[in-house]
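Shown below: query16.csv, with CSV, C-alpha atoms.
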chain,number,residue,atom,x,y,z
A,1,MET,CA,-54.6,127.9,63.4
A,2,THR,CA,-52.6,124.7,63.4
A,3,PHE,CA,-49.8,124.2,60.8
A,4,THR,CA,-48.6,120.7,60.3
A,5,VAL,CA,-45.3,119.6,58.6
A,6,ALA,CA,-45.0,115.9,57.7
A,7,ILE,CA,-41.5,114.6,57.0
A,8,ASP,CA,-41.0,111.0,55.9
A,9,GLY,CA,-38.1,109.0,54.7
A,10,PRO,CA,-35.9,105.9,55.3
A,11,ALA,CA,-33.5,105.4,58.1
A,12,ALA,CA,-30.5,107.8,58.4
A,13,ALA,CA,-31.6,110.0,55.5
A,14,GLY,CA,-31.5,113.0,57.8
A,15,LYS,CA,-35.2,113.5,58.4
A,16,GLY,CA,-34.8,113.6,62.2
A,17,THR,CA,-32.1,116.3,62.2
A,18,ILE,CA,-34.0,118.3,59.6
A,19,SER,CA,-37.3,117.9,61.5
A,20,LYS,CA,-35.8,119.1,64.8
A,21,ALA,CA,-34.2,122.1,63.0
A,22,VAL,CA,-37.4,123.1,61.2
A,23,ALA,CA,-39.4,122.8,64.5
A,24,VAL,CA,-36.9,125.0,66.3
A,25,HIS,CA,-36.8,127.6,63.5
A,26,PHE,CA,-40.6,128.1,63.4
A,27,GLY,CA,-41.3,127.4,67.1
A,28,PHE,CA,-43.3,124.2,66.3
A,29,ALA,CA,-43.6,121.1,68.5
A,30,HIS,CA,-41.6,118.1,67.2
A,31,LEU,CA,-42.4,114.4,67.4
A,32,ASP,CA,-40.0,111.7,66.2
A,33,THR,CA,-42.8,109.1,65.6
A,34,GLY,CA,-40.1,106.4,65.1
A,35,LEU,CA,-39.5,106.6,68.9
A,36,LEU,CA,-43.1,105.3,69.4
A,37,TYR,CA,-42.3,102.1,67.5
A,38,ARG,CA,-38.8,101.9,69.1
A,39,ALA,CA,-40.4,102.1,72.6
A,40,VAL,CA,-42.8,99.3,71.7
A,41,GLY,CA,-40.0,97.3,70.1
A,42,ALA,CA,-37.9,97.7,73.3
A,43,LYS,CA,-40.8,96.4,75.4
A,44,VAL,CA,-41.3,93.5,73.1
A,45,LEU,CA,-37.6,92.6,73.4
A,46,ALA,CA,-38.1,92.6,77.1
A,47,GLY,CA,-40.8,90.0,76.7
A,48,GLY,CA,-44.0,92.1,76.2
A,49,ALA,CA,-46.7,91.4,73.6
A,50,PRO,CA,-46.7,94.1,70.8
A,51,ALA,CA,-50.3,95.2,71.0
A,52,GLU,CA,-50.3,95.3,74.8
A,53,MET,CA,-47.1,97.3,74.8
A,54,ALA,CA,-48.5,99.8,72.3
A,55,ARG,CA,-51.7,100.2,74.3
A,56,ALA,CA,-49.7,100.9,77.5
A,57,LEU,CA,-47.2,103.3,76.0
A,58,ASP,CA,-46.4,106.3,78.1
A,59,PRO,CA,-44.7,109.5,76.8
A,60,VAL,CA,-41.9,109.0,79.3
A,61,ASP,CA,-41.0,105.8,77.5
A,62,LEU,CA,-39.8,107.9,74.6
A,63,GLU,CA,-37.0,109.3,76.7
A,64,ASP,CA,-35.1,106.1,77.2
A,65,TYR,CA,-31.5,106.4,75.7
A,66,SER,CA,-31.4,102.7,74.9
A,67,LEU,CA,-34.1,103.2,72.2
A,68,ARG,CA,-31.2,104.3,69.8
A,69,THR,CA,-29.5,100.9,69.7
A,70,PRO,CA,-29.5,98.7,66.5
A,71,ALA,CA,-31.3,95.9,68.2
A,72,VAL,CA,-34.2,98.2,69.2
A,73,ALA,CA,-34.2,99.7,65.7
A,74,GLN,CA,-34.7,96.2,64.2
A,75,ALA,CA,-37.4,95.4,66.7
A,76,ALA,CA,-39.2,98.7,65.9
A,77,SER,CA,-39.2,97.8,62.2
A,78,GLU,CA,-40.7,94.4,63.0
A,79,VAL,CA,-43.5,95.7,65.3
A,80,ALA,CA,-44.3,98.4,62.8
A,81,VAL,CA,-45.6,95.9,60.3
A,82,ILE,CA,-48.3,94.8,62.8
A,83,PRO,CA,-51.6,96.5,61.8
A,84,GLU,CA,-53.0,96.6,65.4
A,85,VAL,CA,-49.8,98.3,66.7
A,86,ARG,CA,-50.0,100.9,64.0
A,87,SER,CA,-53.7,101.5,64.7
A,88,LEU,CA,-53.1,102.0,68.4
A,89,LEU,CA,-50.4,104.6,67.8
A,90,ILE,CA,-52.3,106.6,65.2
A,91,ASP,CA,-54.4,108.6,67.6
A,92,PHE,CA,-51.4,109.7,69.6
A,93,GLN,CA,-49.7,111.0,66.5
A,94,ARG,CA,-52.8,112.8,65.2
A,95,LYS,CA,-53.5,114.5,68.5
A,96,PHE,CA,-49.9,115.8,68.5
A,97,ALA,CA,-50.2,117.0,64.9
A,98,SER,CA,-53.2,119.2,65.9
A,99,ARG,CA,-51.3,121.3,68.4
A,100,ILE,CA,-52.2,125.0,68.1
A,101,GLU,CA,-48.6,126.1,68.1
A,102,GLY,CA,-47.8,124.0,65.0
A,103,ALA,CA,-46.2,120.6,64.7
A,104,VAL,CA,-43.5,118.8,62.8
A,105,LEU,CA,-43.8,115.0,62.7
A,106,ASP,CA,-41.2,112.7,61.2
A,107,GLY,CA,-41.6,109.1,60.4
A,108,ARG,CA,-42.5,106.8,57.5
A,109,ASP,CA,-46.2,107.3,56.9
A,110,ILE,CA,-46.9,110.8,58.2
A,111,GLY,CA,-47.8,112.3,54.8
A,112,THR,CA,-49.6,109.2,53.6
A,113,VAL,CA,-51.5,108.0,56.6
A,114,ILE,CA,-51.1,110.1,59.8
A,115,CYS,CA,-51.5,113.6,58.3
A,116,PRO,CA,-52.6,113.3,54.7
A,117,ASP,CA,-53.8,116.9,54.9
A,118,ALA,CA,-50.5,118.3,56.3
A,119,HIS,CA,-49.6,121.8,55.0
A,120,VAL,CA,-46.1,120.6,54.0
A,121,LYS,CA,-45.0,117.1,53.1
A,122,LEU,CA,-41.4,116.3,52.6
A,123,PHE,CA,-39.8,113.0,51.7
A,124,VAL,CA,-36.2,113.0,52.8
A,125,THR,CA,-34.0,110.3,51.2
A,126,ALA,CA,-30.4,109.4,50.3
A,127,SER,CA,-28.7,106.4,48.8
A,128,ALA,CA,-28.4,103.2,51.0
A,129,GLU,CA,-24.6,103.5,51.0
A,130,CYS,CA,-24.7,107.1,52.1
A,131,ARG,CA,-27.2,106.4,54.8
A,132,ALA,CA,-25.3,103.3,56.0
A,133,ASP,CA,-22.1,105.4,56.2
A,134,ARG,CA,-23.8,108.0,58.4
A,135,ARG,CA,-25.4,105.4,60.6
A,136,TYR,CA,-22.0,103.6,61.0
A,137,LYS,CA,-20.3,106.8,62.1
A,138,GLU,CA,-23.2,107.6,64.5
A,139,LEU,CA,-23.1,104.1,66.1
A,140,THR,CA,-19.3,103.9,66.4
A,141,GLY,CA,-19.3,107.4,67.9
A,142,LYS,CA,-21.5,106.0,70.6
A,143,GLY,CA,-19.0,103.2,71.2
A,144,LEU,CA,-21.1,100.4,69.6
A,145,ASP,CA,-19.3,97.5,68.0
A,146,VAL,CA,-20.5,97.4,64.4
A,147,THR,CA,-19.0,97.0,61.0
A,148,PRO,CA,-19.7,99.0,57.8
A,149,GLU,CA,-20.9,95.9,56.0
A,150,GLY,CA,-23.2,94.9,58.9
A,151,VAL,CA,-24.7,98.4,59.1
A,152,LEU,CA,-25.3,98.5,55.3
A,153,ALA,CA,-27.0,95.1,55.4
A,154,ASP,CA,-29.2,96.3,58.3
A,155,VAL,CA,-30.2,99.4,56.3
A,156,LYS,CA,-31.1,97.5,53.2
A,157,GLU,CA,-33.0,94.9,55.2
A,158,ARG,CA,-35.0,97.6,57.0
A,159,ASP,CA,-35.7,99.4,53.7
A,160,GLU,CA,-37.0,96.2,52.2
A,161,ARG,CA,-39.3,95.5,55.2
A,162,ASP,CA,-40.6,99.1,55.4
A,163,ARG,CA,-41.3,99.4,51.7
A,164,ASN,CA,-43.1,96.1,51.4
A,165,ARG,CA,-45.2,95.9,54.5
A,166,ALA,CA,-48.9,95.5,53.9
A,167,THR,CA,-49.9,98.4,56.2
A,168,ALA,CA,-48.6,101.9,55.5
A,169,PRO,CA,-45.6,101.1,53.4
A,170,LEU,CA,-42.7,103.6,53.1
A,171,VAL,CA,-43.6,105.5,50.0
A,172,PRO,CA,-43.7,109.3,49.3
A,173,ALA,CA,-47.1,110.9,49.4
A,174,GLU,CA,-48.2,111.9,45.9
A,175,ASP,CA,-47.9,115.6,46.8
A,176,ALA,CA,-44.7,115.3,48.8
A,177,ILE,CA,-41.6,117.3,47.9
A,178,LEU,CA,-38.5,115.1,47.5
A,179,LEU,CA,-35.4,116.1,49.3
A,180,ASP,CA,-32.4,114.0,48.5
A,181,THR,CA,-29.6,114.6,51.0
A,182,SER,CA,-27.0,112.3,49.5
A,183,ASP,CA,-24.8,115.2,48.2
A,184,LEU,CA,-26.0,117.9,50.7
A,185,THR,CA,-24.4,119.1,53.9
A,186,ILE,CA,-26.8,119.0,56.8
A,187,GLU,CA,-26.8,122.8,56.8
A,188,ALA,CA,-27.8,122.9,53.1
A,189,ALA,CA,-30.6,120.3,53.7
A,190,ILE,CA,-32.0,122.2,56.6
A,191,ALA,CA,-31.9,125.5,54.7
A,192,ARG,CA,-33.8,123.9,51.8
A,193,ALA,CA,-36.4,122.4,54.1
A,194,VAL,CA,-36.9,125.7,56.0
A,195,GLY,CA,-37.3,127.5,52.7
A,196,ILE,CA,-40.0,125.0,51.6
A,197,VAL,CA,-41.9,125.4,54.9
A,198,GLU,CA,-41.6,129.2,54.8
A,199,ALA,CA,-43.1,129.4,51.3
A,200,ALA,CA,-46.0,127.2,52.4
A,201,LYS,CA,-46.6,129.3,55.5
A,202,ASN,CA,-46.6,132.5,53.5
A,203,ALA,CA,-49.1,130.9,51.0
A,204,VAL,CA,-51.5,130.1,53.9
A,205,GLY,CA,-51.2,133.6,55.2
Turn the structure described in the file into structure tokens.
Amino acid sequence: MTFTVAIDGPAAAGKGTISKAVAVHFGFAHLDTGLLYRAVGAKVLAGGAPAEMARALDPVDLEDYSLRTPAVAQAASEVAVIPEVRSLLIDFQRKFASRIEGAVLDGRDIGTVICPDAHVKLFVTASAECRADRRYKELTGKGLDVTPEGVLADVKERDERDRNRATAPLVPAEDAILLDTSDLTIEAAIARAVGIVEAAKNAVG
């Protein structure tokens, strides 16, 4: 039988790292659904129309290293508020979630929209300042020219847009388990997530 883990949360809260670790631990497939929107955003920056780019999206598009840049992140957040784009990408995500070997999907509306019946729903969060500090270190580590103030402003702007969009806003599912990573090491956060999933798997049998 399938087993689906939905992990949501704002940018730089640690959900991607946690999701990958959970997937590896249990042998599940993993999908960073944010990459779908980043890939569409990148194509829009190159001159494409959002809906057309979403319709033509190919899995190979998700492997582009440039999808991790701040400009693409902002473009992704902007195309993600377009209902038609979200609708076109829903089927891709739901098919992935039904994989027989089990699946972990991370994003912003997995537990609320994409997989409302997921066996486990986590909402990973952290303070805006903590997340901005993490993102700043990540970006400067890649040689990008950013400032702490600029990264914090970007994080807050993206939070505002994601939480207030009309379609699938960033909110925890009613039955999601909150995991605040502000004061946790990544190892501790992963261990806590693995423990939650393990308990759910044991309950299912």
### Message
Counting all atoms listed in the file, find residues at most 8 Å from (-36.8, 121.4, 57.7) (file frame) and give them as JSON, numbers by chain.
### Response
{"A": [18, 19, 20, 21, 22, 23, 189, 190, 191, 192, 193, 194, 195, 196, 197]}
Mind running region 102-197 of chain A against region 34-50 of chain A at 9 Å and telling me each contacting residue's nearest atom pair with the distance in Å (one decimal), counting only C-alpha atoms, chain and number ascending, as a Markdown table?
| residue | atom | partner | partner_atom | distance |
| --- | --- | --- | --- | --- |
| A:Asp106 | CA | A:Gly34 | CA | 7.5 |
| A:Gly107 | CA | A:Gly34 | CA | 5.6 |
| A:Arg108 | CA | A:Gly34 | CA | 8.0 |
### Query
Of the candidates A:Asp154, A:Glu52, A:Glu129, A:Glu63, which shows the shortest atom-to-atom distance to Leu88 (chain A), using all atoms listed in the file?
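Selected residue with least distance to Leu88 (chain A): A:Glu52.
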### Message
At a cut-off of 12 Å, using all atoms listed in the file, what residues contact region 155-158 of chain A? Leave out same-chain residues fewer than 2 positions from it and give the result as a ChimeraX atom specification.
### Response
/A:10-13,70-71,73-78,80-81,108,126-136,148-153,160-165,169-170
### Selected residue, from A:Val5, A:Pro83, A:Val60, A:Asp32, that lies nearest to Thr167 (chain A) when counting all atoms listed in the file
A:Pro83
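Atom pair CA of Ile82 (chain A) / CA of Ala166 (chain A): separated by 8.9 Å.
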### Selected residue of minimal separation from Ala203 (chain A) among A:Ala173, A:Ala168, A:Leu179, A:Val120, counting only C-alpha atoms
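Among A:Ala173, A:Ala168, A:Leu179, A:Val120, it is A:Val120 that comes nearest to Ala203 (chain A).
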### Shell around Lys121 (chain A) at 6 Å using all atoms listed in the file, local window under 3 positions removed, as a ChimeraX atom specification
/A:6-7,111,176
#### Entry: Interatomic distance, CA of Cys115 (chain A) to CA of Arg94 (chain A) (Å, one decimal)
7.1 Å
### Message
From the options A:Ser87, A:Thr147, A:Thr185, A:Asn202, which residue's atoms come nearest to Gly14 (chain A), counting all atoms listed in the file?
### Response
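Closest candidate: A:Thr185.
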### Task
Take CA of Ala200 (chain A) and CA of His119 (chain A) and report the distance between them in Å, one decimal.
7.0 Å
### Message
Need to verify the contact set: Ser98 (chain A), 9 Å, only C-alpha atoms, exclusion of same-chain residues closer than 3 positions in sequence. Can you return it as a list in words?
### Response
Thr2, Phe3, Thr4, Gln93, Arg94, Lys95, Glu101, Gly102 and Ala103 of chain A
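Distance annotation: of A:Ile177, A:Leu31, A:Leu105, A:Val72, the residue with the minimal separation from Pro59 (chain A) is A:Leu31; atom set is all atoms listed in the file.
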